[in-house]
$ cat input.cif   # mmCIF, C-alpha atoms and all ligand atoms
data_entry
loop_
_atom_site.label_atom_id
_atom_site.label_comp_id
_atom_site.auth_asym_id
_atom_site.auth_seq_id
_atom_site.Cartn_x
_atom_site.Cartn_y
_atom_site.Cartn_z
CA MET A 35 -15.29 10.43 12.19
CA ASP A 36 -12.17 8.29 11.85
CA ARG A 37 -10.06 11.39 12.48
CA LYS A 38 -11.78 11.79 15.85
CA LEU A 39 -11.31 8.13 16.70
CA ASP A 40 -7.63 8.58 15.89
CA GLU A 41 -7.45 11.42 18.41
CA LEU A 42 -9.05 9.32 21.12
CA LEU A 43 -6.82 6.34 20.40
CA TYR A 44 -3.76 8.57 20.35
CA ALA A 45 -4.74 10.00 23.75
CA LEU A 46 -5.08 6.48 25.16
CA MET A 47 -1.75 5.49 23.63
CA GLN A 48 -0.03 8.33 25.46
CA ASN A 49 -1.00 6.51 28.65
CA THR A 50 -0.71 2.83 27.70
CA MET A 51 -1.51 0.42 30.52
CA ILE A 52 -2.62 3.32 32.71
CA THR A 53 -6.28 3.94 33.35
CA VAL A 54 -7.28 7.40 32.16
CA SER A 55 -10.38 8.94 33.64
CA GLY A 56 -13.30 9.25 31.25
CA GLU A 57 -13.89 12.72 32.63
CA LYS A 58 -10.38 13.85 31.61
CA LEU A 59 -10.53 12.20 28.17
CA ALA A 60 -13.84 13.87 27.37
CA ARG A 61 -12.53 17.23 28.58
CA ASP A 62 -9.24 16.98 26.63
CA LEU A 63 -11.04 16.00 23.44
CA GLY A 64 -13.77 18.59 23.96
CA ILE A 65 -16.62 16.06 23.76
CA SER A 66 -19.53 15.00 25.95
CA HIS A 67 -19.52 11.86 28.10
CA SER A 68 -22.00 10.13 25.83
CA THR A 69 -19.92 10.88 22.74
CA LEU A 70 -16.87 9.44 24.48
CA VAL A 71 -18.75 6.24 25.28
CA ARG A 72 -19.85 5.99 21.63
CA TRP A 73 -16.33 6.52 20.31
CA VAL A 74 -14.84 3.95 22.67
CA ASP A 75 -17.43 1.47 21.38
CA LYS A 76 -16.45 2.24 17.80
CA LEU A 77 -12.77 1.65 18.56
CA ARG A 78 -13.65 -1.63 20.26
CA HIS A 79 -15.67 -2.57 17.24
CA ALA A 80 -12.58 -1.90 15.12
CA GLY A 81 -10.72 -4.50 17.16
CA ILE A 82 -8.90 -2.25 19.67
CA ALA A 83 -8.85 -3.84 23.13
CA ILE A 84 -9.93 -1.18 25.67
CA ARG A 85 -10.79 -2.02 29.30
CA GLY A 86 -13.07 -0.02 31.54
CA GLU A 87 -16.00 2.33 31.29
CA LEU A 88 -16.76 6.00 31.69
CA PHE A 89 -16.81 6.10 35.49
CA THR A 90 -13.88 3.74 36.16
CA GLY A 91 -11.78 5.22 33.35
CA TYR A 92 -10.33 3.56 30.25
CA ARG A 93 -7.08 1.80 29.45
CA LEU A 94 -5.58 0.03 26.47
CA VAL A 95 -5.00 -3.66 27.12
CA ARG A 96 -2.05 -3.67 24.72
CA LEU A 97 -0.44 -1.16 22.38
CA PRO A 98 -2.35 -1.53 19.14
CA ASP A 99 -0.47 -1.60 15.83
CA VAL A 100 -2.52 1.08 14.09
CA LEU A 101 -1.20 3.30 11.31
CA LEU A 102 -2.24 6.54 13.01
CA PRO A 103 -1.38 9.76 11.16
CA GLN A 104 -0.32 11.13 14.57
CA LEU A 105 2.43 8.49 14.68
CA ILE A 106 3.41 8.81 11.01
CA ARG A 107 3.59 12.60 10.74
CA PRO A 108 6.41 13.35 13.19
CA ARG A 109 8.64 10.71 11.58
CA LEU A 110 8.12 11.68 7.97
CA HIS A 111 11.07 13.07 6.00
CA THR A 112 9.25 13.51 2.70
CA ARG A 113 8.08 16.71 1.05
CA LEU A 114 5.14 15.23 -0.87
CA ILE A 115 4.27 11.63 -0.12
CA GLY A 116 2.25 11.11 3.06
CA ARG A 117 2.14 14.79 4.05
CA ASN A 118 -1.66 14.64 3.87
CA VAL A 119 -3.15 11.43 5.26
CA TYR A 120 -6.68 10.05 5.52
CA HIS A 121 -6.84 7.11 7.90
CA PHE A 122 -9.70 4.61 8.21
CA TYR A 123 -10.44 1.68 10.46
CA ASP A 124 -12.78 0.28 7.81
CA VAL A 125 -13.29 1.43 4.26
CA ASP A 126 -14.54 -0.33 1.13
CA SER A 127 -11.31 0.30 -0.81
CA THR A 128 -8.69 3.02 -0.42
CA ASN A 129 -8.52 3.34 -4.22
CA LEU A 130 -12.27 3.83 -4.38
CA PHE A 131 -12.21 6.37 -1.57
CA ALA A 132 -9.49 8.35 -3.37
CA SER A 133 -11.43 8.33 -6.63
CA ARG A 134 -14.60 9.47 -4.83
CA LEU A 135 -12.71 12.40 -3.29
CA LEU A 136 -11.40 13.40 -6.70
CA ALA A 137 -14.76 12.90 -8.39
CA HIS A 138 -16.35 15.26 -5.86
CA GLY A 139 -13.83 17.88 -6.91
CA ARG A 140 -11.80 17.77 -3.70
CA ARG A 141 -8.50 19.57 -4.29
CA LEU A 142 -5.98 17.22 -2.79
CA PRO A 143 -2.31 17.99 -2.41
CA GLU A 144 -0.15 15.70 -4.52
CA GLY A 145 1.13 12.78 -2.46
CA THR A 146 -2.05 12.51 -0.38
CA VAL A 147 -2.25 9.01 1.07
CA ILE A 148 -5.35 7.08 2.11
CA ILE A 149 -4.61 4.32 4.62
CA ALA A 150 -7.00 1.65 5.92
CA GLU A 151 -6.70 -0.86 8.73
CA SER A 152 -9.03 -3.11 6.76
CA GLN A 153 -11.00 -3.00 3.53
CA THR A 154 -14.39 -4.53 2.92
CA ALA A 155 -14.00 -4.48 -0.87
CA GLY A 156 -10.25 -4.38 -1.49
CA ARG A 157 -9.63 -4.45 -5.22
CA GLY A 158 -6.93 -6.31 -7.09
CA ARG A 159 -5.72 -6.23 -10.67
CA LEU A 160 -7.80 -7.65 -13.51
CA GLY A 161 -11.04 -7.40 -11.57
CA ARG A 162 -9.88 -9.57 -8.68
CA THR A 163 -10.41 -8.86 -4.99
CA TRP A 164 -7.64 -8.16 -2.47
CA HIS A 165 -7.75 -10.00 0.84
CA SER A 166 -7.59 -7.17 3.40
CA GLU A 167 -7.50 -8.62 6.88
CA ARG A 168 -7.50 -6.14 9.77
CA GLU A 169 -4.19 -5.09 11.34
CA SER A 170 -2.22 -7.69 9.37
CA GLY A 171 -1.65 -5.81 6.16
CA ILE A 172 -0.69 -2.38 4.90
CA TYR A 173 -3.41 -1.08 2.60
CA PHE A 174 -2.99 2.36 1.11
CA SER A 175 -3.42 4.52 -1.98
CA MET A 176 -1.37 7.49 -3.13
CA VAL A 177 -2.80 10.35 -5.19
CA LEU A 178 -0.36 11.61 -7.84
CA PHE A 179 -0.46 14.21 -10.58
CA PRO A 180 2.50 13.17 -12.72
CA LYS A 181 3.45 15.59 -15.46
CA ALA A 182 3.51 12.83 -18.05
CA PRO A 183 1.51 11.42 -20.95
CA PRO A 184 -0.74 8.39 -20.30
CA SER A 185 1.72 6.16 -22.15
CA LEU A 186 4.16 6.62 -19.25
CA ALA A 187 1.63 5.75 -16.54
CA PRO A 188 2.74 2.08 -16.23
CA LEU A 189 6.20 3.32 -15.28
CA PHE A 190 4.88 4.79 -12.04
CA THR A 191 3.51 1.41 -11.12
CA LEU A 192 6.91 -0.14 -11.82
CA ALA A 193 8.44 2.65 -9.71
CA THR A 194 6.11 1.73 -6.86
CA ALA A 195 7.25 -1.88 -7.06
CA VAL A 196 10.90 -0.78 -7.01
CA ALA A 197 10.30 1.47 -4.00
CA MET A 198 8.53 -1.28 -2.07
CA HIS A 199 11.26 -3.73 -3.03
CA ASN A 200 13.89 -1.38 -1.59
CA ALA A 201 11.88 -0.55 1.53
CA VAL A 202 11.13 -4.17 2.42
CA GLU A 203 14.65 -5.42 1.71
CA ARG A 204 16.16 -2.65 3.82
CA TYR A 205 13.78 -3.13 6.72
CA THR A 206 13.36 -6.92 6.84
CA GLY A 207 16.62 -8.14 5.28
CA LEU A 208 14.58 -10.54 3.12
CA ASP A 209 15.49 -11.17 -0.49
CA ILE A 210 12.66 -9.68 -2.58
CA ASP A 211 11.88 -10.30 -6.25
CA ILE A 212 9.60 -8.33 -8.60
CA LYS A 213 7.41 -10.41 -10.89
CA TRP A 214 6.42 -8.50 -13.99
CA PRO A 215 4.81 -6.08 -13.95
CA ASN A 216 4.55 -5.27 -10.27
CA ASP A 217 3.96 -8.19 -7.94
CA LEU A 218 6.45 -8.50 -5.13
CA LEU A 219 7.55 -12.00 -4.23
CA VAL A 220 9.48 -13.57 -1.46
CA GLY A 221 10.54 -17.03 -2.52
CA ARG A 222 8.07 -17.69 -5.29
CA GLN A 223 5.10 -16.39 -3.35
CA LYS A 224 3.40 -13.02 -3.54
CA PHE A 225 3.22 -10.67 -0.56
CA CYS A 226 2.48 -7.34 -2.25
CA GLY A 227 0.31 -6.18 -5.14
CA ILE A 228 -0.17 -2.80 -6.77
CA LEU A 229 -3.24 -1.45 -8.53
CA SER A 230 -2.94 1.83 -10.41
CA GLU A 231 -5.89 3.68 -11.83
CA ILE A 232 -5.58 6.78 -13.99
CA GLN A 233 -7.73 9.56 -15.27
CA ALA A 234 -6.19 11.08 -18.33
CA GLU A 235 -6.64 13.50 -21.17
CA VAL A 236 -5.24 12.54 -24.57
CA ASP A 237 -1.73 13.75 -23.78
CA LEU A 238 -1.63 14.20 -20.01
CA VAL A 239 -2.35 12.10 -16.95
CA LYS A 240 -4.77 14.15 -14.86
CA THR A 241 -4.71 12.00 -11.75
CA MET A 242 -3.19 8.72 -10.85
CA ILE A 243 -4.22 6.61 -7.87
CA VAL A 244 -1.64 4.02 -6.92
CA GLY A 245 -3.01 1.42 -4.50
CA VAL A 246 -0.66 -0.88 -2.63
CA GLY A 247 -1.46 -3.92 -0.53
CA VAL A 248 1.27 -5.56 1.56
CA ASN A 249 0.78 -8.81 3.45
CA ALA A 250 2.87 -7.91 6.47
CA ASN A 251 1.74 -9.98 9.43
CA HIS A 252 -0.81 -12.45 8.07
CA GLU A 253 -0.48 -15.87 9.65
CA HIS A 254 -2.61 -17.68 7.10
CA PHE A 255 -4.66 -17.01 3.98
CA PRO A 256 -8.01 -18.12 2.58
CA GLU A 257 -7.81 -21.48 0.87
CA ASP A 258 -8.12 -20.15 -2.68
CA ILE A 259 -4.95 -18.03 -2.45
CA ALA A 260 -2.98 -19.95 0.20
CA HIS A 261 -0.74 -21.69 -2.36
CA ARG A 262 0.52 -18.46 -3.93
CA ALA A 263 0.31 -15.89 -1.11
CA THR A 264 2.63 -15.28 1.77
CA SER A 265 3.39 -12.56 4.29
CA LEU A 266 6.58 -10.95 5.54
CA ARG A 267 5.88 -12.49 8.92
CA ILE A 268 5.62 -16.00 7.48
CA ALA A 269 8.74 -15.48 5.35
CA SER A 270 10.87 -14.01 8.12
CA GLY A 271 9.44 -15.79 11.16
CA ARG A 272 9.06 -12.39 12.85
CA ILE A 273 6.25 -9.91 13.36
CA GLN A 274 7.03 -6.90 11.18
CA SER A 275 6.34 -3.26 11.98
CA ARG A 276 3.87 -1.94 9.44
CA ILE A 277 4.67 1.69 10.22
CA GLU A 278 8.42 1.25 9.67
CA ILE A 279 7.82 -0.37 6.28
CA LEU A 280 5.38 2.37 5.31
CA LEU A 281 7.79 5.15 6.30
CA GLU A 282 10.67 3.54 4.39
CA PHE A 283 8.39 3.16 1.38
CA PHE A 284 7.26 6.81 1.39
CA GLU A 285 10.87 7.97 1.28
CA GLU A 286 11.93 5.48 -1.37
CA PHE A 287 8.98 6.30 -3.57
CA GLU A 288 9.42 10.04 -3.26
CA ASN A 289 13.08 9.75 -4.30
CA ILE A 290 12.23 7.72 -7.39
CA TYR A 291 9.30 9.97 -8.26
CA MET A 292 11.33 13.18 -7.94
CA ASP A 293 14.11 11.59 -9.96
CA PHE A 294 11.61 10.96 -12.73
CA GLU A 295 10.64 14.64 -12.78
CA ARG A 296 14.31 15.62 -13.06
CA LYS A 297 15.79 12.88 -15.22
CA GLY A 298 12.99 10.93 -16.91
CA THR A 299 12.25 7.24 -17.03
CA ALA A 300 15.69 5.64 -17.30
CA GLY A 301 16.22 5.38 -13.54
CA ILE A 302 12.98 3.47 -13.04
CA ILE A 303 13.68 1.03 -15.88
CA ASP A 304 17.24 0.55 -14.69
CA GLN A 305 16.28 -0.22 -11.08
CA TRP A 306 13.39 -2.49 -12.04
CA THR A 307 15.70 -4.44 -14.35
CA ARG A 308 18.31 -4.85 -11.63
CA PHE A 309 15.86 -6.02 -8.98
CA SER A 310 13.60 -8.33 -10.99
CA SER A 311 14.71 -11.84 -11.83
CA PHE A 312 12.03 -11.72 -14.54
CA ALA A 313 13.76 -8.99 -16.53
CA ASN A 314 16.16 -11.03 -18.61
CA GLY A 315 16.60 -14.61 -19.76
CA ARG A 316 13.57 -15.98 -17.90
CA LYS A 317 11.33 -18.55 -19.58
CA ILE A 318 7.77 -17.40 -18.99
CA GLU A 319 4.23 -17.47 -20.26
CA ILE A 320 2.06 -14.35 -20.12
CA HIS A 321 -1.66 -13.97 -20.55
CA ASP A 322 -2.35 -10.49 -21.87
CA GLY A 323 -6.11 -10.75 -21.56
CA VAL A 324 -6.59 -12.09 -25.08
CA ARG A 325 -3.90 -14.69 -25.69
CA LYS A 326 -0.95 -16.46 -24.16
CA ILE A 327 2.55 -15.43 -25.14
CA ALA A 328 5.40 -17.77 -24.28
CA GLY A 329 9.10 -17.09 -24.59
CA VAL A 330 12.23 -15.79 -22.93
CA THR A 331 12.33 -12.31 -21.37
CA ARG A 332 14.61 -9.72 -22.95
CA GLY A 333 14.29 -6.64 -20.72
CA LEU A 334 11.85 -3.70 -20.72
CA ASN A 335 11.29 -1.21 -23.51
CA PRO A 336 11.44 2.51 -22.54
CA LEU A 337 7.69 2.49 -21.74
CA GLY A 338 7.95 -0.43 -19.35
CA ALA A 339 6.62 -3.13 -21.71
CA LEU A 340 8.25 -6.53 -21.29
CA ARG A 341 10.13 -7.79 -24.34
CA ILE A 342 9.61 -11.49 -24.93
CA GLU A 343 11.59 -13.43 -27.47
CA GLN A 344 9.42 -16.13 -28.93
CA LYS A 345 10.44 -19.48 -30.41
CA ARG A 346 10.51 -18.09 -33.94
CA GLY A 347 13.02 -15.48 -32.77
CA ASP A 348 10.74 -12.47 -33.06
CA VAL A 349 10.36 -10.19 -30.05
CA GLU A 350 6.94 -9.20 -28.74
CA GLU A 351 6.50 -6.19 -26.44
CA VAL A 352 3.79 -6.86 -23.86
CA TYR A 353 2.25 -3.87 -22.10
CA SER A 354 -0.08 -5.53 -19.63
CA GLY A 355 -1.07 -8.96 -18.44
CA ASP A 356 -0.30 -11.65 -15.99
CA VAL A 357 2.63 -14.04 -15.83
CA VAL A 358 0.82 -17.38 -15.66
CA ALA A 359 3.84 -19.69 -15.69
CA TRP A 360 7.55 -19.29 -15.18
CA GLU A 361 10.63 -21.42 -14.62
C1 LIG A 401 -3.05 -6.94 -7.24
O1 LIG A 401 -4.02 -7.57 -7.66
O2 LIG A 401 -1.93 -7.46 -7.20
C2 LIG A 401 -3.20 -5.53 -6.78
C3 LIG A 401 -3.66 -5.44 -5.35
C4 LIG A 401 -3.78 -4.03 -4.83
C5 LIG A 401 -4.38 -3.98 -3.45
C6 LIG A 401 -4.36 -2.61 -2.86
S1 LIG A 401 -4.82 -2.61 -1.16
C7 LIG A 401 -4.93 -0.88 -1.16
C8 LIG A 401 -5.53 -0.44 -2.48
N1 LIG A 401 -6.98 -0.41 -2.41
C9 LIG A 401 -7.54 -1.37 -3.14
O3 LIG A 401 -8.77 -1.58 -3.22
N2 LIG A 401 -6.59 -2.07 -3.78
C10 LIG A 401 -5.27 -1.57 -3.51
#

$ encode --input "input.cif" --output "structure tokens"
Amino acid sequence: MDRKLDELLYALMQNTMITVSGEKLARDLGISHSTLVRWVDKLRHAGIAIRGELFTGYRLVRLPDVLLPQLIRPRLHTRLIGRNVYHFYDVDSTNLFASRLLAHGRRLPEGTVIIAESQTAGRGRLGRTWHSERESGIYFSMVLFPKAPPSLAPLFTLATAVAMHNAVERYTGLDIDIKWPNDLLVGRQKFCGILSEIQAEVDLVKTMIVGVGVNANHEHFPEDIAHRATSLRIASGRIQSRIEILLEFFEEFENIYMDFERKGTAGIIDQWTRFSSFANGRKIEIHDGVRKIAGVTRGLNPLGALRIEQKRGDVEEVYSGDVVAWE
């Protein structure tokens, strides 16, 4: 259904500000008048401002910022990432949708991306939710089949953070930091989170779903997260193009991912360490789900665990958790 709505919206976008006859739209799309009326209603419901009706014709009131596959495809320079796209106006969670596709045995090409304009049940790390306001954010999941053991899975999440760091810095000119393991910060506030979910056999990752949420153009946030969340728009004072950031990201990620297949994990660890102010010499406190570990950071081990030197001088390697305090 959303694919058809995309076609209708794309047809309207080819004629922005011009009224297109309903007759012609229905004919071009090969649908009946009543179907056209229904689809226009659905697009309106998804927040797209369309004037007119079947007999007067339809026109877009303004060019909507929608991540249409029709706009992404012609500008893509990747071989894998984003070559196959599912696009939704509303979905519960792009990660959930991807896992449902895989669970139903759908054979997806590696690098398939599921994009949503908004999510009704966006999921965050550690069982949290992800605020997924329509049109403001970039919400997507990538389906990967890395030829790697499960122990290396966290590295692909770090790689995603590095790729988004590079994409956002290049496109916005903002100074971006990576908070371990994979939160992206501008200033000390978070604008991007990553949630990876894997299905693995004992020695091989079968599928990996990497979900990314970017606060691009949010103007404000719900009270409970307002003190720690920000958006690229708030940080830069400018509306940011979601499609440009997404395209930059796809290329960055593909390069890092291909590099892993050729050269292994060193490149990921090296870039993460260079771009994160949390990598070395930072006084932090981490909650790993069971206990709090406080100390000074001493880089990543080859599997992406953060090395923390504690007061007694011994070094603990932490594989997952949340930085709860830092100086
Ligand atoms: C975090 O808690 O920092 C991770 C947030 C990940 C959010 C993204 S939005 C797209 C994808 N679908 C989801 O349900 N979650 C991820």

$ residues_near_ligand --input "input.cif" --ligand "ligand LIG 401 (chain A)" --cutoff "10 Å" --atoms "all atoms listed in the file" --output "VMD selection string"
chain A and resid 125 to 132 148 to 150 152 to 166 171 to 176 215 to 218 224 to 231 243 to 249 356

$ atom_distance --input "input.cif" --atom1 "CA of Val352 in chain A" --atom2 "CA of Leu340 in chain A"
5.2 Å

$ residues_around --input "input.cif" --residues "range 314-318 of chain A" --least-positions-apart "5" --cutoff "10 Å" --atoms "all atoms listed in the file" --output "PDB file with C-alpha atoms, in the frame of the given file"
ATOM      1  CA  THR A 307      15.700  -4.440 -14.350  1.00  0.00           C
ATOM      2  CA  ARG A 308      18.310  -4.850 -11.630  1.00  0.00           C
ATOM      3  CA  ILE A 327       2.550 -15.430 -25.140  1.00  0.00           C
ATOM      4  CA  ALA A 328       5.400 -17.770 -24.280  1.00  0.00           C
ATOM      5  CA  GLY A 329       9.100 -17.090 -24.590  1.00  0.00           C
ATOM      6  CA  VAL A 330      12.230 -15.790 -22.930  1.00  0.00           C
ATOM      7  CA  THR A 331      12.330 -12.310 -21.370  1.00  0.00           C
ATOM      8  CA  ARG A 332      14.610  -9.720 -22.950  1.00  0.00           C
ATOM      9  CA  GLY A 333      14.290  -6.640 -20.720  1.00  0.00           C
ATOM     10  CA  LEU A 334      11.850  -3.700 -20.720  1.00  0.00           C
ATOM     11  CA  LEU A 340       8.250  -6.530 -21.290  1.00  0.00           C
ATOM     12  CA  ARG A 341      10.130  -7.790 -24.340  1.00  0.00           C
ATOM     13  CA  ILE A 342       9.610 -11.490 -24.930  1.00  0.00           C
ATOM     14  CA  GLU A 343      11.590 -13.430 -27.470  1.00  0.00           C
ATOM     15  CA  GLN A 344       9.420 -16.130 -28.930  1.00  0.00           C
ATOM     16  CA  VAL A 357       2.630 -14.040 -15.830  1.00  0.00           C
ATOM     17  CA  VAL A 358       0.820 -17.380 -15.660  1.00  0.00           C
ATOM     18  CA  ALA A 359       3.840 -19.690 -15.690  1.00  0.00           C
ATOM     19  CA  TRP A 360       7.550 -19.290 -15.180  1.00  0.00           C
ATOM     20  CA  GLU A 361      10.630 -21.420 -14.620  1.00  0.00           C
TER      21      GLU A 361
END

$ atom_distance --input "input.cif" --atom1 "CA of Val196 in chain A" --atom2 "CA of Ala234 in chain A"
23.7 Å

$ closest_residue --input "input.cif" --among "A:Ala80, A:Leu337, A:Leu208, A:Leu219" --to "Ala195 in chain A" --atoms "only C-alpha atoms"
A:Leu219

$ closest_residue --input "input.cif" --among "A:Trp306, A:Trp214, A:Phe294, A:Phe287" --to "Asp322 in chain A" --atoms "all atoms listed in the file"
A:Trp214

$ atom_distance --input "input.cif" --atom1 "CA of Phe122 in chain A" --atom2 "CA of Gly81 in chain A"
12.8 Å

$ closest_residue --input "input.cif" --among "A:Asn335, A:Met242, A:Gly145, A:Ser354" --to "Ala300 in chain A" --atoms "all atoms listed in the file"
A:Asn335

$ residues_around --input "input.cif" --residues "Arg78 in chain A" --least-positions-apart "4" --cutoff "12 Å" --atoms "all atoms listed in the file" --output "ChimeraX atom specification"
/A:39,42-43,71-74,82-87,92-95,98,123

$ write_last_selection --input "input.cif" --atoms "C-alpha atoms" --output "compact mmCIF listing (two decimals), keeping the file's coordinate frame"
# COMPACT_ATOMS: atom_id res chain seq x y z
CA LEU A 39 -11.31 8.13 16.70
CA LEU A 42 -9.05 9.32 21.12
CA LEU A 43 -6.82 6.34 20.40
CA VAL A 71 -18.75 6.24 25.28
CA ARG A 72 -19.85 5.99 21.63
CA TRP A 73 -16.33 6.52 20.31
CA VAL A 74 -14.84 3.95 22.67
CA ILE A 82 -8.90 -2.25 19.67
CA ALA A 83 -8.85 -3.84 23.13
CA ILE A 84 -9.93 -1.18 25.67
CA ARG A 85 -10.79 -2.02 29.30
CA GLY A 86 -13.07 -0.02 31.54
CA GLU A 87 -16.00 2.33 31.29
CA TYR A 92 -10.33 3.56 30.25
CA ARG A 93 -7.08 1.80 29.45
CA LEU A 94 -5.58 0.03 26.47
CA VAL A 95 -5.00 -3.66 27.12
CA PRO A 98 -2.35 -1.53 19.14
CA TYR A 123 -10.44 1.68 10.46

$ closest_residue --input "input.cif" --among "A:Ala269, A:Leu142, A:Val239, A:Leu178" --to "Thr206 in chain A" --atoms "all atoms listed in the file"
A:Ala269

$ closest_residue --input "input.cif" --among "A:Gln305, A:Arg325, A:Phe179, A:Ile115" --to "Ala197 in chain A" --atoms "all atoms listed in the file"
A:Gln305

$ closest_residue --input "input.cif" --among "A:Ser310, A:Ser270, A:Asn289, A:Ser170" --to "Ile212 in chain A" --atoms "only C-alpha atoms"
A:Ser310

$ residues_around --input "input.cif" --residues "Phe255 in chain A" --least-positions-apart "3" --cutoff "10 Å" --atoms "all atoms listed in the file" --output "MDAnalysis selection string"
chainID A and resid 165 167 249 252 258:265

$ axis_aligned_box --input "input.cif" --around "range 49-68 of chain A" --padding-each-side "4 Å" --output "JSON"
{"center_x": -11.4, "center_y": 9.5, "center_z": 28.5, "size_x": 29.3, "size_y": 26.2, "size_z": 18.2}

$ residues_around --input "input.cif" --residues "Arg37 in chain A" --least-positions-apart "2" --cutoff "8 Å" --atoms "only C-alpha atoms" --output "list in words"
Met35, Leu39, Asp40, Glu41, Tyr120 and His121 of chain A
